[in-house]
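A.B. asks: Shown below is the structure under consideration.
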Amino acid sequence: MRPAGRLAYASVLLASGLVEQTAPLVVQGVIPLFLEESMRTIDTLQSHGCALASACLAVGAMTMVIVPCVAQTAEGVSVPAEATVESLFDDFVHYARLGRFTTADAFAKALLAHPDTDPVDVLTYANRDRKSIETITILIKHSTIGESAARVLELIERGEYEMRKDSARIRANIRKLGGDPQTEYNATRRLAESGEYAIPWMVKTLLDPAQEALWSRVITALPKIGKGAVNPLVYALRVSGGEGSDGVRLNLIHALGKIGYPQAIPYLRGLVVNEATPPATRTAANAAIAQIEALSGRSISGDPANVFFWLAEKYYNEDPSVRANPALDGANVWYWTDESLSATVVTPRVFGSVMAMRCCEEALRLDNNNAEAIALWLAADIRRESRLGMDTESGDPSELASPDDDTRPEGFPRALYFTQAAGPTYAHLVLERAVRDQDAAVALGAIEALRITAGEVSLIGTEDFKQPLVRALQFPDLVVRIRAALALGAALPKSRFAGSQFVVPMLSDALGQTGAREILVIDPVEDTRNHIAGALRSLDAKVIAEATFFQALNRARIEFRSLAAIYVATDVADPGLAEAISELRSEFVYEKLPIIIVTKAKQQLAAEDITKSDPFAEFVRADVDAQALQDRYDLIARRTGQTSMDRDLALGMALEAAETLRRIAIDGRTVFDFGAAEPALIAVLSSTDERLQITAASVLALAHTETAQRSIAHVAMDAGNTDSLRIAAFGSLAESAKNNNSLLEVAQIAELVAIAKDDADLDIRTAASKALGAVNLKTNRASEIIRSFYAG
């Protein structure tokens, strides 16, 4: 039979579903036949330049194989105890191609757990079979063993990473540059695969007179390393002293020009303006800048300090052209020390912040009064801390720095130290950036610095740079909104300002916080909707669960104060998943809201596509437990540095809000009307935290209303409350009565007299008598109490 006919025959068998009804021997025959002919057809298409058609056939081929075989099982799969890493990998791929996924999964898990598994070895086995990686990639997206396949692929990718940076391999390839043209070509290609890891050894070769024979070949190879070479090369420009160093620098400059990436321009501009730079080097640097601008199609204007600031912003904003690869475990921060390149490895989460700080430092060396560079450095340092899991509102030097960032020296102060030392003007500038970027962690660090250092004059005003704090009252993150209100309230401003009407309502909101997250669950299938909602409720979350997107969102707008996250199923309809998420992201308040996509059977690909481009989204299977649902939320929070409110934080902010309201009430001359918070304060009297109840009562004592005084009295006279709460409440009742006379109901007065006169607890009677005296009744209750102790 001709190949096309054999392919059609296998396709018909698979598509008809007959394979499921046949013996395993037939299955094992049909599937390899189909894959073999598919791969041959793919090769033919690729040889004719039909890349898209070949890719579509590859996916279709594996999908047709997988779908009919999903129902197969291989219970009790036994993996030989003596199996080697090599045999485990081969058997995993072999059984996967046969469609025996349970067996393949068993071998994959054994491979991953084997004590001798080495990523480089697994890469070698994968490279031996040129179709293996393609097979694994298709398994990830279209099979029931996608999770195991993904972990095996990660292992292979780690092997590639380890091989790239292997110094022995790099040095060997540098030596091979001196070979014949084919050997030189192969060595250059492998050095390009090593990328930035090759540069220290190539520069070292250029500085070593004993290897002069290789210099011309290394110089030719340098530009071919590509973009990965730029970061180490710009720091190698600092080469100085020693015979021939200027010649080395010229060759590095030449390489940067040919590579053509604009992030080299600030460093080249720095050479141009440096008075110590030799004329030939200055000329070469200018030529390289012109070459880069021509190749990149953009002109980077401005003095060197501003150009470094331009690059700092790119790093801070994690522009795709400069950001670290988030799939890798580490990112290199390059230094030039002792006439050689060295790298400090940091987590990719902080790479952008660290490099932004370094670029700002270069800008400040060139222009020490560059206010924008100072503010950006401060913001980057706060973001760096947040990405390391540190509390950006804390200046506690005892909080250990994360091992994920060794770029900071021992004893390096906390971010708050720098921000508060810089003063309110710079804290305002940091907050302006945070509000613009919707970066909660940076906003919180800036607001804390303002709270510590700024009074009314430097905190509030009509100047543009003072407006971010007011705009923070509308920030999507609830914690930021509350912190902004606390800072503004504590300043006790006497003049009205734009947004002043939002401060007391936000303080009222703070009083009612419990730390319970408010979460939306959207799933058209009732069973999975109830499962997800129930799991989240078991974590003390408040949950709204609905079948449709707009119905759920409308309820959230009415019933929730601050939405913490959305769990949305892949099969949501009207609108569909992509449209629903696009609708959310179009609204300012939801632009950075954590979204966890709940994947259903065979729908993971749609979730993957969304999460690749949205750092605030993750996906999780529908059948997972509560902890897995929480873990996905936590992953987004760690990656993006978002804050999450727990019970302790909620209580702390509620107490601070109550104290702020009391200060506003005592001052009496501020722009704020603390009376607007009275309903929230009365509600807090029923709180489960006694400290908050006592504080709320003390604030209500300053209100001039019947409801405030009567609410305090209710707490004081409730025998079910603790003695300490009742005694404090009687004190607040006395203060209210002194300020307002008696506003109590007749029944409450009678009860107060009875407690002061007859309660069995002397401490309670004493506290009640204080309140009774302050009420200052017109009737002679004093005589009644004295006569009650008459003993003859």
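Chain lettering (A, B, ...) mirrors the order of the structure tokens, residue numbering begins at 1 for each chain separately, and ligand numbering begins at 1 in order of display.
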Please provide as a tab-separated table (two decimals) with all heavy atoms, in the first residue's frame all residues within 7 Å of range 537-547 of chain A, with the sequence filter that same-chain residues fewer than 6 positions apart are discarded (counting only C-alpha atoms).
C.D. replies:
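Everything below was put into result_2.tsv:
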chain	number	residue	atom	x	y	z
A	516	ALA	N	-11.12	37.94	55.88
A	516	ALA	CA	-11.67	36.91	55.00
A	516	ALA	C	-11.64	37.40	53.56
A	516	ALA	O	-12.14	38.48	53.26
A	516	ALA	CB	-13.09	36.55	55.42
A	517	ARG	N	-11.04	36.62	52.67
A	517	ARG	CA	-10.97	37.02	51.27
A	517	ARG	C	-12.33	36.88	50.60
A	517	ARG	O	-13.07	35.94	50.88
A	517	ARG	CB	-9.94	36.17	50.53
A	517	ARG	CG	-8.51	36.51	50.89
A	517	ARG	CD	-7.52	35.69	50.06
A	517	ARG	NE	-7.70	34.27	50.28
A	517	ARG	CZ	-7.67	33.34	49.33
A	517	ARG	NH1	-7.50	33.70	48.07
A	517	ARG	NH2	-7.82	32.07	49.62
A	518	GLU	N	-12.63	37.82	49.72
A	518	GLU	CA	-13.89	37.79	48.96
A	518	GLU	C	-13.58	37.30	47.55
A	518	GLU	O	-12.81	37.92	46.81
A	518	GLU	CB	-14.51	39.18	48.94
A	518	GLU	CG	-14.91	39.64	50.35
A	518	GLU	CD	-15.49	41.03	50.39
A	518	GLU	OE1	-15.10	41.87	49.55
A	518	GLU	OE2	-16.33	41.30	51.27
A	519	ILE	N	-14.18	36.17	47.19
A	519	ILE	CA	-13.79	35.46	45.96
A	519	ILE	C	-15.03	35.17	45.12
A	519	ILE	O	-16.09	34.82	45.63
A	519	ILE	CB	-13.06	34.16	46.30
A	519	ILE	CG1	-11.73	34.48	46.99
A	519	ILE	CG2	-12.80	33.31	45.06
A	519	ILE	CD1	-10.97	33.27	47.47
A	520	LEU	N	-14.83	35.28	43.81
A	520	LEU	CA	-15.87	34.98	42.84
A	520	LEU	C	-15.56	33.64	42.17
A	520	LEU	O	-14.42	33.42	41.74
A	520	LEU	CB	-15.90	36.09	41.79
A	520	LEU	CG	-17.23	36.43	41.11
A	520	LEU	CD1	-18.31	36.72	42.12
A	520	LEU	CD2	-17.02	37.63	40.19
A	521	VAL	N	-16.55	32.77	42.08
A	521	VAL	CA	-16.41	31.50	41.36
A	521	VAL	C	-17.42	31.49	40.22
A	521	VAL	O	-18.62	31.69	40.44
A	521	VAL	CB	-16.65	30.29	42.29
A	521	VAL	CG1	-16.66	28.99	41.49
A	521	VAL	CG2	-15.58	30.23	43.38
A	522	ILE	N	-16.93	31.29	38.99
A	522	ILE	CA	-17.79	31.28	37.81
A	522	ILE	C	-17.61	29.95	37.09
A	522	ILE	O	-16.53	29.66	36.58
A	522	ILE	CB	-17.46	32.45	36.86
A	522	ILE	CG1	-17.44	33.78	37.62
A	522	ILE	CG2	-18.45	32.49	35.70
A	522	ILE	CD1	-16.87	34.93	36.81
A	523	ASP	N	-18.66	29.14	37.08
A	523	ASP	CA	-18.59	27.81	36.47
A	523	ASP	C	-20.00	27.40	36.04
A	523	ASP	O	-20.91	27.37	36.88
A	523	ASP	CB	-18.01	26.80	37.46
A	523	ASP	CG	-17.64	25.48	36.81
A	523	ASP	OD1	-18.36	25.05	35.88
A	523	ASP	OD2	-16.62	24.89	37.20
A	524	PRO	N	-20.20	27.09	34.78
A	524	PRO	CA	-21.56	26.74	34.32
A	524	PRO	C	-22.03	25.36	34.81
A	524	PRO	O	-23.23	25.09	34.76
A	524	PRO	CB	-21.43	26.75	32.79
A	524	PRO	CG	-19.98	26.48	32.53
A	524	PRO	CD	-19.23	27.10	33.66
A	529	ARG	N	-18.84	23.81	40.24
A	529	ARG	CA	-19.01	25.12	40.87
A	529	ARG	C	-19.14	24.97	42.38
A	529	ARG	O	-18.49	25.69	43.15
A	529	ARG	CB	-20.24	25.83	40.29
A	529	ARG	CG	-20.46	27.23	40.84
A	529	ARG	CD	-21.53	27.98	40.06
A	529	ARG	NE	-22.87	27.47	40.29
A	529	ARG	CZ	-23.63	26.89	39.37
A	529	ARG	NH1	-23.17	26.73	38.13
A	529	ARG	NH2	-24.86	26.47	39.65
A.B. asks: Give me, as number ranges by chain, all polymer residues having an atom no more than 10 Å from Ser458 in chain A, counting only C-alpha atoms and skipping those fewer than 3 positions away in the same chain.
C.D. replies: A: 423-425, 428, 450, 453-455, 461, 463, 466, 491
A.B. asks: Need to verify the contact set: Leu233 in chain A, 10 Å, only C-alpha atoms, exclusion of same-chain residues closer than 6 positions in sequence. Can you return it as number ranges by chain?
C.D. replies: A: 196, 199-200, 203, 222, 249, 252-253, 255-256, 264, 267, 334, 336, 341
A.B. asks: For Val504 in chain A, which residue out of A:Ile374, A:Met717, A:Val598, A:Val671 is the nearest one, using only C-alpha atoms?
C.D. replies: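 Answer, going by the shortest atom-to-atom distance: A:Val671.
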A.B. asks: Quick one: pick out all strand (DSSP E or B) residues within range 325-479 of chain A from a backbone DSSP run and write them as number ranges by chain.
C.D. replies: A: 331-337, 340-346
A.B. asks: Write out, as a short mmCIF file (atom, residue, chain, number, x, y, z; two decimals), in the first residue's frame, the residues just selected, with N, CA and C atoms.
C.D. replies:
data_model
loop_
_atom_site.label_atom_id
_atom_site.label_comp_id
_atom_site.auth_asym_id
_atom_site.auth_seq_id
_atom_site.Cartn_x
_atom_site.Cartn_y
_atom_site.Cartn_z
N ALA A 331 18.76 34.15 37.19
CA ALA A 331 19.16 35.14 36.19
C ALA A 331 20.49 35.73 36.64
N ASN A 332 21.37 36.01 35.70
CA ASN A 332 22.72 36.48 36.01
C ASN A 332 22.78 38.00 36.08
N VAL A 333 23.36 38.49 37.17
CA VAL A 333 23.69 39.90 37.31
C VAL A 333 25.21 39.98 37.22
N TRP A 334 25.71 40.61 36.15
CA TRP A 334 27.15 40.57 35.84
C TRP A 334 27.91 41.71 36.51
N TYR A 335 29.14 41.39 36.93
CA TYR A 335 30.05 42.36 37.54
C TYR A 335 31.44 42.21 36.91
N TRP A 336 32.18 43.31 36.91
CA TRP A 336 33.57 43.27 36.47
C TRP A 336 34.45 43.51 37.70
N THR A 337 35.09 42.47 38.15
CA THR A 337 35.94 42.58 39.33
C THR A 337 37.24 41.82 39.07
N SER A 340 38.06 40.55 35.53
CA SER A 340 37.34 39.42 34.93
C SER A 340 35.86 39.56 35.22
N LEU A 341 35.07 38.87 34.41
CA LEU A 341 33.62 38.89 34.59
C LEU A 341 33.20 37.82 35.58
N SER A 342 32.24 38.17 36.42
CA SER A 342 31.63 37.18 37.31
C SER A 342 30.14 37.51 37.42
N ALA A 343 29.35 36.51 37.76
CA ALA A 343 27.90 36.70 37.82
C ALA A 343 27.38 36.32 39.20
N THR A 344 26.45 37.12 39.67
CA THR A 344 25.68 36.76 40.87
C THR A 344 24.30 36.35 40.38
N VAL A 345 23.88 35.16 40.79
CA VAL A 345 22.60 34.62 40.33
C VAL A 345 21.48 35.07 41.26
N VAL A 346 20.44 35.63 40.69
CA VAL A 346 19.26 36.04 41.46
C VAL A 346 18.03 35.35 40.87
#
A.B. asks: What is the distance between CA of Gly731 in chain A and CA of Ser686 in chain A, in Å to one decimal?
C.D. replies: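 Going from CA of Gly731 in chain A over to CA of Ser686 in chain A covers 17.7 Å.
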A.B. asks: Show me, as a PyMOL selection string, the residues that have an atom within 10 Å of Ala716 in chain A when counting only C-alpha atoms, minus same-chain residues fewer than 6 positions from it.
C.D. replies: chain A and resi 697+710+722-733+752+764+767-768+771
A.B. asks: Keeping N, CA and C atoms, export the residues of the selection given above as a compact mmCIF listing (two decimals), in the first residue's frame.
C.D. replies:
# COMPACT_ATOMS: atom_id res chain seq x y z
N ALA A 697 -15.76 52.11 71.31
CA ALA A 697 -16.58 52.77 72.34
C ALA A 697 -15.96 54.11 72.73
N ARG A 710 -26.22 55.50 73.53
CA ARG A 710 -27.04 54.34 73.89
C ARG A 710 -26.37 53.03 73.49
N THR A 722 -17.38 40.51 78.96
CA THR A 722 -16.34 40.36 79.97
C THR A 722 -16.33 41.57 80.89
N ASP A 723 -15.82 41.38 82.09
CA ASP A 723 -15.75 42.49 83.04
C ASP A 723 -14.87 43.61 82.50
N SER A 724 -13.76 43.25 81.85
CA SER A 724 -12.85 44.28 81.35
C SER A 724 -13.52 45.13 80.28
N LEU A 725 -14.30 44.50 79.39
CA LEU A 725 -15.01 45.26 78.37
C LEU A 725 -16.06 46.15 78.99
N ARG A 726 -16.81 45.62 79.95
CA ARG A 726 -17.88 46.40 80.58
C ARG A 726 -17.32 47.61 81.33
N ILE A 727 -16.22 47.41 82.04
CA ILE A 727 -15.62 48.51 82.80
C ILE A 727 -15.13 49.60 81.84
N ALA A 728 -14.49 49.20 80.74
CA ALA A 728 -14.04 50.19 79.75
C ALA A 728 -15.22 50.91 79.13
N ALA A 729 -16.29 50.18 78.84
CA ALA A 729 -17.48 50.79 78.23
C ALA A 729 -18.14 51.76 79.20
N PHE A 730 -18.19 51.43 80.49
CA PHE A 730 -18.73 52.38 81.48
C PHE A 730 -17.90 53.66 81.49
N GLY A 731 -16.56 53.51 81.31
CA GLY A 731 -15.69 54.69 81.24
C GLY A 731 -16.03 55.54 80.03
N SER A 732 -16.27 54.90 78.88
CA SER A 732 -16.64 55.64 77.67
C SER A 732 -18.02 56.27 77.82
N LEU A 733 -18.91 55.56 78.50
CA LEU A 733 -20.24 56.11 78.75
C LEU A 733 -20.15 57.37 79.62
N LEU A 752 -28.89 51.36 84.69
CA LEU A 752 -27.62 51.89 85.16
C LEU A 752 -27.65 52.11 86.67
N ILE A 764 -17.54 46.37 88.89
CA ILE A 764 -18.58 46.78 87.96
C ILE A 764 -19.40 47.91 88.57
N ALA A 767 -17.42 51.16 88.36
CA ALA A 767 -17.40 51.71 87.00
C ALA A 767 -18.76 52.30 86.64
N ALA A 768 -19.85 51.61 87.03
CA ALA A 768 -21.20 52.10 86.74
C ALA A 768 -21.50 53.38 87.50
N ALA A 771 -20.18 56.34 85.64
CA ALA A 771 -21.06 56.70 84.53
C ALA A 771 -22.32 57.36 85.04
A.B. asks: I want to know what sits within 8 Å of Leu511 in chain A, based on only C-alpha atoms, with residues of the same chain fewer than 2 positions away left out; could you give that as a ChimeraX atom specification?
C.D. replies: /A:507-509,513,653-655,657-658,680-681,684
A.B. asks: Could you write those residues out with C-alpha atoms, as a PDB file, in the first residue's frame?
C.D. replies:
ATOM      1  CA  LEU A 507     -11.677  54.404  57.541  1.00  0.00           C
ATOM      2  CA  SER A 508     -15.175  53.040  58.133  1.00  0.00           C
ATOM      3  CA  ASP A 509     -14.440  50.255  55.668  1.00  0.00           C
ATOM      4  CA  GLN A 513     -12.449  44.153  57.789  1.00  0.00           C
ATOM      5  CA  MET A 653      -5.802  48.272  60.390  1.00  0.00           C
ATOM      6  CA  ALA A 654      -9.210  48.335  62.103  1.00  0.00           C
ATOM      7  CA  LEU A 655      -7.582  49.355  65.395  1.00  0.00           C
ATOM      8  CA  ALA A 657      -8.618  53.312  61.866  1.00  0.00           C
ATOM      9  CA  ALA A 658     -10.470  53.600  65.179  1.00  0.00           C
ATOM     10  CA  ALA A 680     -19.395  51.415  61.359  1.00  0.00           C
ATOM     11  CA  LEU A 681     -18.200  52.168  64.897  1.00  0.00           C
ATOM     12  CA  VAL A 684     -17.712  47.154  65.623  1.00  0.00           C
TER      13      VAL A 684
END
A.B. asks: Find, counting only C-alpha atoms, the residue in A:Pro615, A:Pro115, A:Gly297, A:Pro468 that gets nearest to Lys592 in chain A.
C.D. replies: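 Among A:Pro615, A:Pro115, A:Gly297, A:Pro468, it is A:Pro615 that comes nearest to Lys592 in chain A.
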